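Structure file target-v6.csv with CSV, C-alpha atoms and all ligand atoms:
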```
chain,number,residue,atom,x,y,z
A,1,MET,CA,116.1,245.2,122.6
A,2,LEU,CA,114.8,245.3,126.1
A,3,ILE,CA,111.9,247.6,126.9
A,4,LYS,CA,112.3,248.8,130.4
A,5,ALA,CA,110.4,251.4,132.4
A,6,PRO,CA,112.5,254.2,133.8
A,7,SER,CA,113.0,254.4,137.6
A,8,ARG,CA,111.6,257.3,139.6
A,9,THR,CA,115.1,258.7,140.0
A,10,ASP,CA,115.6,258.6,136.2
A,11,LEU,CA,112.3,260.4,135.7
A,12,HIS,CA,113.1,263.1,138.3
A,13,GLN,CA,116.5,263.7,136.7
A,14,VAL,CA,115.0,264.2,133.2
A,15,TYR,CA,112.3,266.6,134.5
A,16,ALA,CA,115.2,268.9,135.5
A,17,ALA,CA,116.8,268.6,132.0
A,18,PRO,CA,115.9,271.2,129.3
A,19,GLY,CA,113.1,270.1,126.9
A,20,CYS,CA,110.5,267.4,126.9
A,21,PRO,CA,111.4,264.8,129.5
A,22,VAL,CA,110.1,261.9,127.3
A,23,CYS,CA,112.2,263.1,124.4
A,24,THR,CA,115.3,263.3,126.7
A,25,LEU,CA,114.7,259.6,127.8
A,26,LEU,CA,114.2,258.5,124.2
A,27,THR,CA,117.3,260.3,123.0
A,28,ARG,CA,119.4,258.4,125.6
A,29,SER,CA,117.7,255.1,124.7
A,30,GLU,CA,118.2,255.7,121.0
A,31,ARG,CA,121.9,256.2,121.6
A,32,ARG,CA,122.0,252.9,123.6
A,33,TYR,CA,120.1,251.1,120.9
A,34,ILE,CA,122.5,252.3,118.2
A,35,ASP,CA,125.5,251.2,120.3
A,36,ALA,CA,123.9,247.9,121.3
A,37,THR,CA,122.7,246.8,117.8
A,38,LEU,CA,125.4,248.2,115.5
A,39,TYR,CA,128.4,247.9,117.9
A,40,GLU,CA,127.9,245.1,120.4
A,41,HIS,CA,125.3,242.7,118.9
A,42,VAL,CA,125.5,243.3,115.2
A,43,THR,CA,125.5,239.5,114.6
A,44,ASP,CA,122.0,239.1,116.1
A,45,VAL,CA,120.2,237.2,113.4
A,46,LYS,CA,116.7,238.4,114.2
A,47,TRP,CA,117.7,242.1,114.3
A,48,ARG,CA,119.6,241.7,111.1
A,49,GLU,CA,116.5,240.3,109.5
A,50,GLU,CA,114.4,243.3,110.7
A,51,VAL,CA,116.8,245.9,109.4
A,52,ARG,CA,117.1,244.0,106.1
A,53,ALA,CA,113.4,244.0,105.7
A,54,ALA,CA,113.2,247.7,106.6
A,55,ARG,CA,115.9,248.3,103.9
A,56,GLY,CA,117.9,250.2,106.5
A,57,PHE,CA,116.8,253.1,108.7
A,58,CYS,CA,114.6,256.1,108.0
A,59,ALA,CA,116.4,259.4,106.9
A,60,LEU,CA,116.3,260.9,110.4
A,61,HIS,CA,117.7,257.8,112.2
A,62,THR,CA,120.3,257.3,109.5
A,63,GLN,CA,121.5,260.8,110.3
A,64,HIS,CA,121.6,259.8,114.0
A,65,VAL,CA,123.6,256.6,113.3
A,66,LEU,CA,126.1,258.7,111.3
A,67,ASP,CA,126.3,261.3,114.2
A,68,VAL,CA,127.1,258.5,116.7
A,69,GLY,CA,129.7,257.5,114.1
A,70,ARG,CA,131.5,254.8,116.1
A,71,SER,CA,129.9,251.8,114.4
A,72,ALA,CA,131.7,251.8,111.1
A,73,LEU,CA,132.2,248.0,111.1
A,74,GLY,CA,128.6,247.3,112.2
A,75,VAL,CA,127.2,249.6,109.6
A,76,SER,CA,129.4,248.0,106.9
A,77,LEU,CA,128.1,244.5,107.8
A,78,VAL,CA,124.4,245.7,107.8
A,79,ALA,CA,124.7,247.8,104.7
A,80,ALA,CA,126.5,245.0,102.7
A,81,ASP,CA,123.8,242.6,103.7
A,82,ILE,CA,121.0,245.0,102.6
A,83,ILE,CA,122.7,245.9,99.3
A,84,ALA,CA,123.2,242.2,98.5
A,85,THR,CA,119.5,241.5,99.2
A,86,LEU,CA,118.5,244.5,97.0
A,87,ARG,CA,120.7,243.4,94.1
A,88,ASP,CA,118.9,240.1,94.0
A,89,LEU,CA,115.5,241.9,94.0
A,90,LEU,CA,116.3,244.5,91.3
A,91,PRO,CA,113.7,244.2,88.6
A,92,ASN,CA,115.0,242.8,85.4
A,93,THR,CA,114.1,245.3,82.7
A,94,SER,CA,116.3,243.9,79.9
A,95,ASP,CA,114.6,241.8,77.2
A,96,GLY,CA,117.4,239.4,76.6
A,97,GLY,CA,119.8,237.3,78.7
A,98,ALA,CA,119.2,233.8,79.8
A,99,LEU,CA,119.4,234.8,83.5
A,100,GLY,CA,116.8,237.6,83.0
A,101,ARG,CA,114.4,235.2,81.2
A,102,LEU,CA,114.9,232.6,83.9
A,103,ARG,CA,114.2,235.1,86.6
A,104,SER,CA,111.1,236.4,84.8
A,105,ALA,CA,109.9,232.9,84.3
A,106,LEU,CA,110.3,232.4,88.0
A,107,GLY,CA,108.1,235.5,88.5
A,108,ALA,CA,110.9,237.4,90.2
A,109,ASN,CA,109.7,240.9,91.2
A,110,SER,CA,109.0,242.5,87.9
A,111,SER,CA,107.4,245.5,89.6
A,112,GLY,CA,110.3,246.2,92.0
A,113,ALA,CA,107.8,246.3,94.9
A,114,GLN,CA,110.2,244.1,96.9
A,115,LEU,CA,112.8,246.8,96.8
A,116,ARG,CA,110.6,248.9,99.0
A,117,PRO,CA,110.8,248.7,102.8
A,118,GLN,CA,108.8,245.7,104.0
A,119,ARG,CA,108.5,247.0,107.5
A,120,PRO,CA,109.1,250.4,109.3
A,121,CYS,CA,112.5,251.6,110.4
A,122,PRO,CA,113.6,249.4,113.4
A,123,ILE,CA,114.7,252.5,115.4
A,124,CYS,CA,111.3,254.2,114.8
A,125,SER,CA,109.5,251.0,115.9
A,126,TYR,CA,111.7,250.6,119.0
A,127,LEU,CA,111.3,254.2,120.1
A,128,GLY,CA,107.6,254.1,119.5
A,129,GLU,CA,107.2,251.2,121.9
A,130,LEU,CA,109.5,252.8,124.4
A,131,ALA,CA,107.6,256.2,124.2
A,132,ALA,CA,104.4,254.4,125.3
A,133,VAL,CA,106.2,252.8,128.3
A,134,TYR,CA,107.8,256.1,129.3
A,135,ILE,CA,104.6,258.1,129.1
A,136,ALA,CA,102.8,255.5,131.2
A,137,ALA,CA,105.7,255.7,133.8
A,138,LEU,CA,105.6,259.6,133.8
A,139,LEU,CA,101.8,259.6,134.3
A,140,ASP,CA,102.1,257.1,137.2
A,141,ASP,CA,104.9,259.2,138.8
A,142,LEU,CA,102.9,262.4,138.4
A,143,ALA,CA,100.0,260.9,140.3
A,144,SER,CA,102.3,261.0,143.4
A,145,ASP,CA,103.1,264.2,145.4
A,146,ALA,CA,106.8,263.6,145.0
A,147,GLY,CA,106.5,263.2,141.3
A,148,ALA,CA,104.3,266.4,140.9
A,149,GLN,CA,106.8,268.4,143.0
A,150,ALA,CA,109.8,267.2,140.9
A,151,TYR,CA,107.9,268.0,137.7
A,152,ALA,CA,107.5,271.6,138.7
A,153,VAL,CA,110.9,272.5,137.1
A,154,SER,CA,110.1,270.7,133.8
A,155,SER,CA,109.9,272.4,130.4
A,156,GLY,CA,106.7,270.5,129.8
A,157,LEU,CA,106.0,267.8,127.1
A,158,CYS,CA,106.5,268.2,123.4
A,159,LEU,CA,103.2,268.3,121.5
A,160,PRO,CA,103.4,264.6,120.2
A,161,HIS,CA,104.1,263.3,123.7
A,162,LEU,CA,101.5,265.5,125.2
A,163,ASN,CA,98.9,264.1,122.8
A,164,GLN,CA,100.0,260.6,123.7
A,165,ALA,CA,99.7,261.4,127.4
A,166,ILE,CA,96.2,262.8,126.9
A,167,SER,CA,95.2,259.7,124.9
A,168,ARG,CA,96.4,257.5,127.7
A,169,GLY,CA,94.9,259.5,130.5
A,170,GLY,CA,94.9,258.6,134.2
A,171,PRO,CA,95.3,260.5,137.5
A,172,GLY,CA,98.7,262.0,136.6
A,173,LEU,CA,97.3,263.8,133.6
A,174,ARG,CA,96.0,266.7,135.6
A,175,VAL,CA,99.5,267.6,136.7
A,176,VAL,CA,100.7,267.3,133.0
A,177,THR,CA,98.0,269.6,131.6
A,178,GLU,CA,98.2,272.2,134.4
A,179,HIS,CA,102.0,272.4,134.1
A,180,GLN,CA,101.8,272.5,130.3
A,181,ALA,CA,99.6,275.6,130.4
A,182,GLN,CA,102.2,277.3,132.6
A,183,ALA,CA,105.1,276.1,130.5
A,184,TRP,CA,103.5,277.4,127.3
A,185,GLU,CA,102.6,280.7,129.0
A,186,ARG,CA,106.2,281.3,130.0
A,187,LEU,CA,107.5,280.3,126.6
A,188,GLU,CA,105.0,282.6,124.9
A,189,ALA,CA,106.1,285.5,127.1
A,190,GLU,CA,109.8,284.8,126.3
A,191,LEU,CA,109.0,284.8,122.5
A,192,ASN,CA,107.1,288.1,122.8
A,193,GLU,CA,110.0,289.6,124.8
A,194,PHE,CA,112.4,288.5,122.1
A,195,ILE,CA,110.1,289.9,119.4
A,196,ARG,CA,109.8,293.2,121.3
A,197,LYS,CA,113.6,293.6,121.9
A,198,SER,CA,114.2,292.8,118.2
A,199,ASP,CA,112.5,296.1,117.3
A,200,TYR,CA,115.0,298.8,116.6
A,201,GLN,CA,113.3,301.1,119.1
A,202,TYR,CA,114.4,298.8,121.9
A,203,SER,CA,117.8,297.9,120.5
A,204,GLY,CA,119.5,299.2,123.6
A,205,GLU,CA,117.9,296.5,125.7
A,206,ALA,CA,120.0,293.3,126.1
A,207,ILE,CA,118.4,290.1,125.0
A,208,ASP,CA,118.7,287.6,127.8
A,209,ALA,CA,117.4,284.1,128.5
A,210,GLU,CA,114.8,284.6,125.7
A,211,ARG,CA,117.7,284.4,123.2
A,212,ASP,CA,117.0,280.8,122.3
A,213,ALA,CA,113.2,280.7,123.0
A,214,TRP,CA,112.5,280.2,119.3
A,215,ARG,CA,114.6,277.0,119.3
A,216,ARG,CA,113.0,275.7,122.4
A,217,ALA,CA,109.5,276.6,121.1
A,218,LEU,CA,110.1,274.7,117.8
A,219,LEU,CA,111.5,271.6,119.6
A,220,LEU,CA,108.6,271.7,122.1
A,221,LEU,CA,106.1,271.7,119.1
A,222,SER,CA,107.8,268.9,117.1
A,223,GLY,CA,109.5,266.8,119.7
A,224,LYS,CA,113.0,265.6,119.1
A,301,ZN,ZN,108.7,264.7,123.6
A,302,ZN,ZN,113.5,255.8,112.1
```

Transcribe the structure of this file into structure tokens.
Ligand SMILES: [Zn+2]
Ligand SMILES: [Zn+2]
Amino acid sequence: MLIKAPSRTDLHQVYAAPGCPVCTLLTRSERRYIDATLYEHVTDVKWREEVRAARGFCALHTQHVLDVGRSALGVSLVAADIIATLRDLLPNTSDGGALGRLRSALGANSSGAQLRPQRPCPICSYLGELAAVYIAALLDDLASDAGAQAYAVSSGLCLPHLNQAISRGGPGLRVVTEHQAQAWERLEAELNEFIRKSDYQYSGEAIDAERDAWRRALLLLSGK
């Protein structure tokens, strides 16, 4: 899959979307990846090799593939391929049988180690590479006045992407950290307001925008 940096317009759009802008871009890219690999290019030999070596996807990305749910044929082809590979690699634990003895003699996987994934989940790998490209693009953009202005409405970065941005560094990082401090301060105030209004003494006060602050806070800590 192609690794392409987002345009300034793409970046400024995701700053205005709720949640971490890098996670928003990655969520879109993940959806495109699932469609492209499992729907449009499922016969791609190299990709099929990668997914076979990974023994499928990690639990999180399996759930996302199932959520997208329009790739039944693609998933069937990939899953049949992996299961056929695994059947050949299943350790032979029976004593007898000519085939078993032959396979043992050939040194075929008595430990079962080959059943384990031989490489990471392809979606994790792809999104990991993309995240680095997106963070670099974000930091470049935030080094400009137009970028810094557009970023003013952002919810801030999730903790994993903030840490990656700090590791990368560069002139845009000042905007990231200053804005992050404000975003966390606002979020903390909303959480405290929700906690206060949840007290029976204040049960007459309506809970407003802080209603889902706990969800936003968790997502901003974990990333999507
Ligand atoms: Zn993020
Ligand atoms: Zn994964």

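If all atoms listed in the file are the atoms counted, then among A:Leu138, A:Ala36, A:Leu89, A:Leu73 the closest residue to ligand ZN 301 (chain A) is A:Leu138.
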
Using only C-alpha atoms and all ligand atoms: which of A:Pro18, A:Gly169, A:Pro160, A:Pro117 has the shortest distance to ligand ZN 301 (chain A): A:Pro160

Proximity to A:Ser7 - best of A:Pro21, A:Ala53, A:Asp141, A:Val45, all atoms listed in the file: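 Once distances to A:Ser7 are computed over all atoms listed in the file, the minimum belongs to A:Asp141.
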
Residues of chain A that have any atom at most 12 Å from an atom of ligand ZN 301 (chain A): could you tabulate them with the shortest-distance atom pair and the distance in Å to one decimal, using all atoms listed in the file, ordered by chain and increasing number, as JSON lines?
```
{"residue": "A:Val14", "atom": "CA", "partner": "A:ZN301", "partner_atom": "ZN", "distance": 11.5}
{"residue": "A:Tyr15", "atom": "CA", "partner": "A:ZN301", "partner_atom": "ZN", "distance": 11.6}
{"residue": "A:Pro18", "atom": "CA", "partner": "A:ZN301", "partner_atom": "ZN", "distance": 11.3}
{"residue": "A:Gly19", "atom": "CA", "partner": "A:ZN301", "partner_atom": "ZN", "distance": 7.7}
{"residue": "A:Cys20", "atom": "CA", "partner": "A:ZN301", "partner_atom": "ZN", "distance": 4.6}
{"residue": "A:Pro21", "atom": "CA", "partner": "A:ZN301", "partner_atom": "ZN", "distance": 6.5}
{"residue": "A:Val22", "atom": "CA", "partner": "A:ZN301", "partner_atom": "ZN", "distance": 4.8}
{"residue": "A:Cys23", "atom": "CA", "partner": "A:ZN301", "partner_atom": "ZN", "distance": 3.9}
{"residue": "A:Thr24", "atom": "CA", "partner": "A:ZN301", "partner_atom": "ZN", "distance": 7.4}
{"residue": "A:Leu25", "atom": "CA", "partner": "A:ZN301", "partner_atom": "ZN", "distance": 8.9}
{"residue": "A:Leu26", "atom": "CA", "partner": "A:ZN301", "partner_atom": "ZN", "distance": 8.3}
{"residue": "A:Thr27", "atom": "CA", "partner": "A:ZN301", "partner_atom": "ZN", "distance": 9.7}
{"residue": "A:Leu127", "atom": "CA", "partner": "A:ZN301", "partner_atom": "ZN", "distance": 11.4}
{"residue": "A:Gly128", "atom": "CA", "partner": "A:ZN301", "partner_atom": "ZN", "distance": 11.4}
{"residue": "A:Leu130", "atom": "CA", "partner": "A:ZN301", "partner_atom": "ZN", "distance": 12.0}
{"residue": "A:Ala131", "atom": "CA", "partner": "A:ZN301", "partner_atom": "ZN", "distance": 8.6}
{"residue": "A:Ala132", "atom": "CA", "partner": "A:ZN301", "partner_atom": "ZN", "distance": 11.3}
{"residue": "A:Tyr134", "atom": "CA", "partner": "A:ZN301", "partner_atom": "ZN", "distance": 10.4}
{"residue": "A:Ile135", "atom": "CA", "partner": "A:ZN301", "partner_atom": "ZN", "distance": 9.5}
{"residue": "A:Leu138", "atom": "CA", "partner": "A:ZN301", "partner_atom": "ZN", "distance": 11.8}
{"residue": "A:Ser154", "atom": "CA", "partner": "A:ZN301", "partner_atom": "ZN", "distance": 11.9}
{"residue": "A:Ser155", "atom": "CA", "partner": "A:ZN301", "partner_atom": "ZN", "distance": 10.3}
{"residue": "A:Gly156", "atom": "CA", "partner": "A:ZN301", "partner_atom": "ZN", "distance": 8.7}
{"residue": "A:Leu157", "atom": "CA", "partner": "A:ZN301", "partner_atom": "ZN", "distance": 5.4}
{"residue": "A:Cys158", "atom": "CA", "partner": "A:ZN301", "partner_atom": "ZN", "distance": 4.1}
{"residue": "A:Leu159", "atom": "CA", "partner": "A:ZN301", "partner_atom": "ZN", "distance": 6.9}
{"residue": "A:Pro160", "atom": "CA", "partner": "A:ZN301", "partner_atom": "ZN", "distance": 6.3}
{"residue": "A:His161", "atom": "CA", "partner": "A:ZN301", "partner_atom": "ZN", "distance": 4.8}
{"residue": "A:Leu162", "atom": "CA", "partner": "A:ZN301", "partner_atom": "ZN", "distance": 7.4}
{"residue": "A:Asn163", "atom": "CA", "partner": "A:ZN301", "partner_atom": "ZN", "distance": 9.9}
{"residue": "A:Gln164", "atom": "CA", "partner": "A:ZN301", "partner_atom": "ZN", "distance": 9.6}
{"residue": "A:Ala165", "atom": "CA", "partner": "A:ZN301", "partner_atom": "ZN", "distance": 10.3}
{"residue": "A:Arg216", "atom": "CA", "partner": "A:ZN301", "partner_atom": "ZN", "distance": 11.9}
{"residue": "A:Leu218", "atom": "CA", "partner": "A:ZN301", "partner_atom": "ZN", "distance": 11.6}
{"residue": "A:Leu219", "atom": "CA", "partner": "A:ZN301", "partner_atom": "ZN", "distance": 8.5}
{"residue": "A:Leu220", "atom": "CA", "partner": "A:ZN301", "partner_atom": "ZN", "distance": 7.2}
{"residue": "A:Leu221", "atom": "CA", "partner": "A:ZN301", "partner_atom": "ZN", "distance": 8.7}
{"residue": "A:Ser222", "atom": "CA", "partner": "A:ZN301", "partner_atom": "ZN", "distance": 7.8}
{"residue": "A:Gly223", "atom": "CA", "partner": "A:ZN301", "partner_atom": "ZN", "distance": 4.5}
{"residue": "A:Lys224", "atom": "CA", "partner": "A:ZN301", "partner_atom": "ZN", "distance": 6.3}
```

Selection as number ranges by chain: residues within 6 Å of ligand ZN 302 (chain A) by only C-alpha atoms and all ligand atoms: A: 57-58, 61, 121, 123-124

Residue selection dump (C-alpha atoms) as a PDB file, in the frame of the given file:
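Contents of out.pdb, as written:
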```pdb
ATOM      1  CA  PHE A  57     116.800 253.100 108.700  1.00  0.00           C
ATOM      2  CA  CYS A  58     114.600 256.100 108.000  1.00  0.00           C
ATOM      3  CA  HIS A  61     117.700 257.800 112.200  1.00  0.00           C
ATOM      4  CA  CYS A 121     112.500 251.600 110.400  1.00  0.00           C
ATOM      5  CA  ILE A 123     114.700 252.500 115.400  1.00  0.00           C
ATOM      6  CA  CYS A 124     111.300 254.200 114.800  1.00  0.00           C
TER       7      CYS A 124
END
```

Nearest to A:Ile34, chosen from A:Ala181, A:Met1, A:Ala143, A:Ala152, with only C-alpha atoms counted in the distances: A:Met1

Straight-line distance linking atom CA of A:Ala80 with atom CA of A:Ala59, stated in Å to one decimal: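 If I compute the distance from atom CA of A:Ala80 to atom CA of A:Ala59, I get 18.1 Å.
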
Interatomic distance, atom CA of A:Pro120 to atom CA of A:Asp140 (Å, one decimal):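 According to the coordinates, atom CA of A:Pro120 and atom CA of A:Asp140 are separated by 29.5 Å.
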
Contact residues around A:Val153 with all atoms listed in the file at 10 Å, ignoring same-chain residues under 6 positions, as JSON, numbers by chain: {"A": [12, 15, 16, 17, 18, 179, 183]}

Interatomic distance, atom CA of A:Ala84 to atom CA of A:Leu66 (Å, one decimal): 21.1 Å

Residue nearest A:Asp212 - candidates A:Leu187, A:Arg196, A:Ser144, A:Thr37, atoms counted: only C-alpha atoms: A:Leu187

Closest of A:Asp199, A:Glu190, A:Ala136, A:Glu129 to A:Arg168 - atom-to-atom distances counting only C-alpha atoms: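 Between A:Asp199, A:Glu190, A:Ala136, A:Glu129, the residue approaching A:Arg168 most closely is A:Ala136.
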
Spatial neighbours of A:Arg55, max dist 12 Å, all atoms listed in the file, sep filter under 3 positions, as a list in words: Arg48, Glu49, Glu50, Val51, Arg52, Cys58, Ala59, Thr62, Val78, Ala79, Ala80, Asp81, Ile82, Ile83, Ala84, Thr85, Leu86, Arg87, Leu89, Gln114, Leu115, Arg116, Pro117, Gln118, Arg119, Pro120, Cys121 and Pro122 of chain A

What would stretch 35-46 of chain A look like if you wrote it out as a tab-separated table (two decimals), in the first residue's frame, with all heavy atoms included, from the block I just posted?
```
chain	number	residue	atom	x	y	z
A	35	ASP	N	-10.39	-1.89	2.51
A	35	ASP	CA	-11.10	-1.97	1.22
A	35	ASP	C	-10.16	-2.36	0.09
A	35	ASP	O	-10.48	-3.21	-0.73
A	35	ASP	CB	-11.74	-0.61	0.87
A	35	ASP	CG	-13.10	-0.47	1.53
A	35	ASP	OD1	-13.61	-1.48	2.05
A	35	ASP	OD2	-13.63	0.65	1.54
A	36	ALA	N	-8.99	-1.72	0.06
A	36	ALA	CA	-8.07	-1.95	-1.06
A	36	ALA	C	-7.52	-3.37	-1.03
A	36	ALA	O	-7.44	-4.03	-2.05
A	36	ALA	CB	-6.93	-0.94	-1.02
A	37	THR	N	-7.13	-3.85	0.15
A	37	THR	CA	-6.47	-5.16	0.20
A	37	THR	C	-7.47	-6.31	0.15
A	37	THR	O	-7.23	-7.30	-0.53
A	37	THR	CB	-5.59	-5.30	1.46
A	37	THR	OG1	-6.40	-5.01	2.60
A	37	THR	CG2	-4.39	-4.39	1.42
A	38	LEU	N	-8.56	-6.18	0.88
A	38	LEU	CA	-9.48	-7.33	0.98
A	38	LEU	C	-10.59	-7.29	-0.06
A	38	LEU	O	-11.28	-8.28	-0.26
A	38	LEU	CB	-10.10	-7.38	2.37
A	38	LEU	CG	-9.17	-7.94	3.46
A	38	LEU	CD1	-9.71	-7.64	4.83
A	38	LEU	CD2	-9.00	-9.45	3.29
A	39	TYR	N	-10.74	-6.14	-0.70
A	39	TYR	CA	-11.86	-6.02	-1.63
A	39	TYR	C	-11.36	-5.87	-3.07
A	39	TYR	O	-11.78	-6.60	-3.95
A	39	TYR	CB	-12.70	-4.81	-1.22
A	39	TYR	CG	-14.07	-4.77	-1.82
A	39	TYR	CD1	-15.05	-5.67	-1.44
A	39	TYR	CD2	-14.39	-3.80	-2.77
A	39	TYR	CE1	-16.32	-5.63	-1.99
A	39	TYR	CE2	-15.66	-3.74	-3.31
A	39	TYR	CZ	-16.62	-4.66	-2.92
A	39	TYR	OH	-17.86	-4.61	-3.47
A	40	GLU	N	-10.41	-4.94	-3.25
A	40	GLU	CA	-10.01	-4.64	-4.62
A	40	GLU	C	-8.80	-5.46	-5.09
A	40	GLU	O	-8.73	-5.87	-6.23
A	40	GLU	CB	-9.69	-3.14	-4.75
A	40	GLU	CG	-10.94	-2.26	-4.60
A	40	GLU	CD	-10.59	-0.84	-4.16
A	40	GLU	OE1	-9.46	-0.40	-4.42
A	40	GLU	OE2	-11.46	-0.20	-3.55
A	41	HIS	N	-7.81	-5.65	-4.18
A	41	HIS	CA	-6.55	-6.26	-4.62
A	41	HIS	C	-6.23	-7.53	-3.85
A	41	HIS	O	-5.09	-7.76	-3.48
A	41	HIS	CB	-5.39	-5.26	-4.46
A	41	HIS	CG	-5.60	-3.98	-5.18
A	41	HIS	ND1	-5.63	-3.90	-6.55
A	41	HIS	CD2	-5.82	-2.72	-4.72
A	41	HIS	CE1	-5.86	-2.64	-6.91
A	41	HIS	NE2	-5.98	-1.92	-5.82
A	42	VAL	N	-7.26	-8.32	-3.58
A	42	VAL	CA	-7.04	-9.49	-2.73
A	42	VAL	C	-6.15	-10.54	-3.40
A	42	VAL	O	-5.61	-11.41	-2.73
A	42	VAL	CB	-8.41	-10.06	-2.26
A	42	VAL	CG1	-9.14	-10.76	-3.40
A	42	VAL	CG2	-8.24	-10.98	-1.07
A	43	THR	N	-5.96	-10.42	-4.71
A	43	THR	CA	-5.12	-11.39	-5.41
A	43	THR	C	-3.64	-10.98	-5.41
A	43	THR	O	-2.80	-11.70	-5.94
A	43	THR	CB	-5.58	-11.56	-6.87
A	43	THR	OG1	-5.70	-10.26	-7.44
A	43	THR	CG2	-6.91	-12.27	-6.96
A	44	ASP	N	-3.32	-9.83	-4.82
A	44	ASP	CA	-1.93	-9.36	-4.75
A	44	ASP	C	-1.08	-10.40	-4.00
A	44	ASP	O	-1.28	-10.64	-2.81
A	44	ASP	CB	-1.91	-8.00	-4.03
A	44	ASP	CG	-0.53	-7.39	-3.97
A	44	ASP	OD1	0.38	-7.98	-3.35
A	44	ASP	OD2	-0.35	-6.31	-4.55
A	45	VAL	N	-0.13	-10.99	-4.74
A	45	VAL	CA	0.63	-12.13	-4.21
A	45	VAL	C	1.48	-11.73	-3.00
A	45	VAL	O	1.53	-12.43	-1.99
A	45	VAL	CB	1.54	-12.73	-5.32
A	45	VAL	CG1	2.42	-13.83	-4.77
A	45	VAL	CG2	0.67	-13.25	-6.46
A	46	LYS	N	2.11	-10.56	-3.08
A	46	LYS	CA	3.02	-10.13	-2.01
A	46	LYS	C	2.22	-9.88	-0.72
A	46	LYS	O	2.62	-10.29	0.37
A	46	LYS	CB	3.74	-8.85	-2.46
A	46	LYS	CG	4.86	-8.48	-1.53
A	46	LYS	CD	5.72	-7.37	-2.12
A	46	LYS	CE	6.57	-6.72	-1.03
A	46	LYS	NZ	5.80	-5.81	-0.18
```
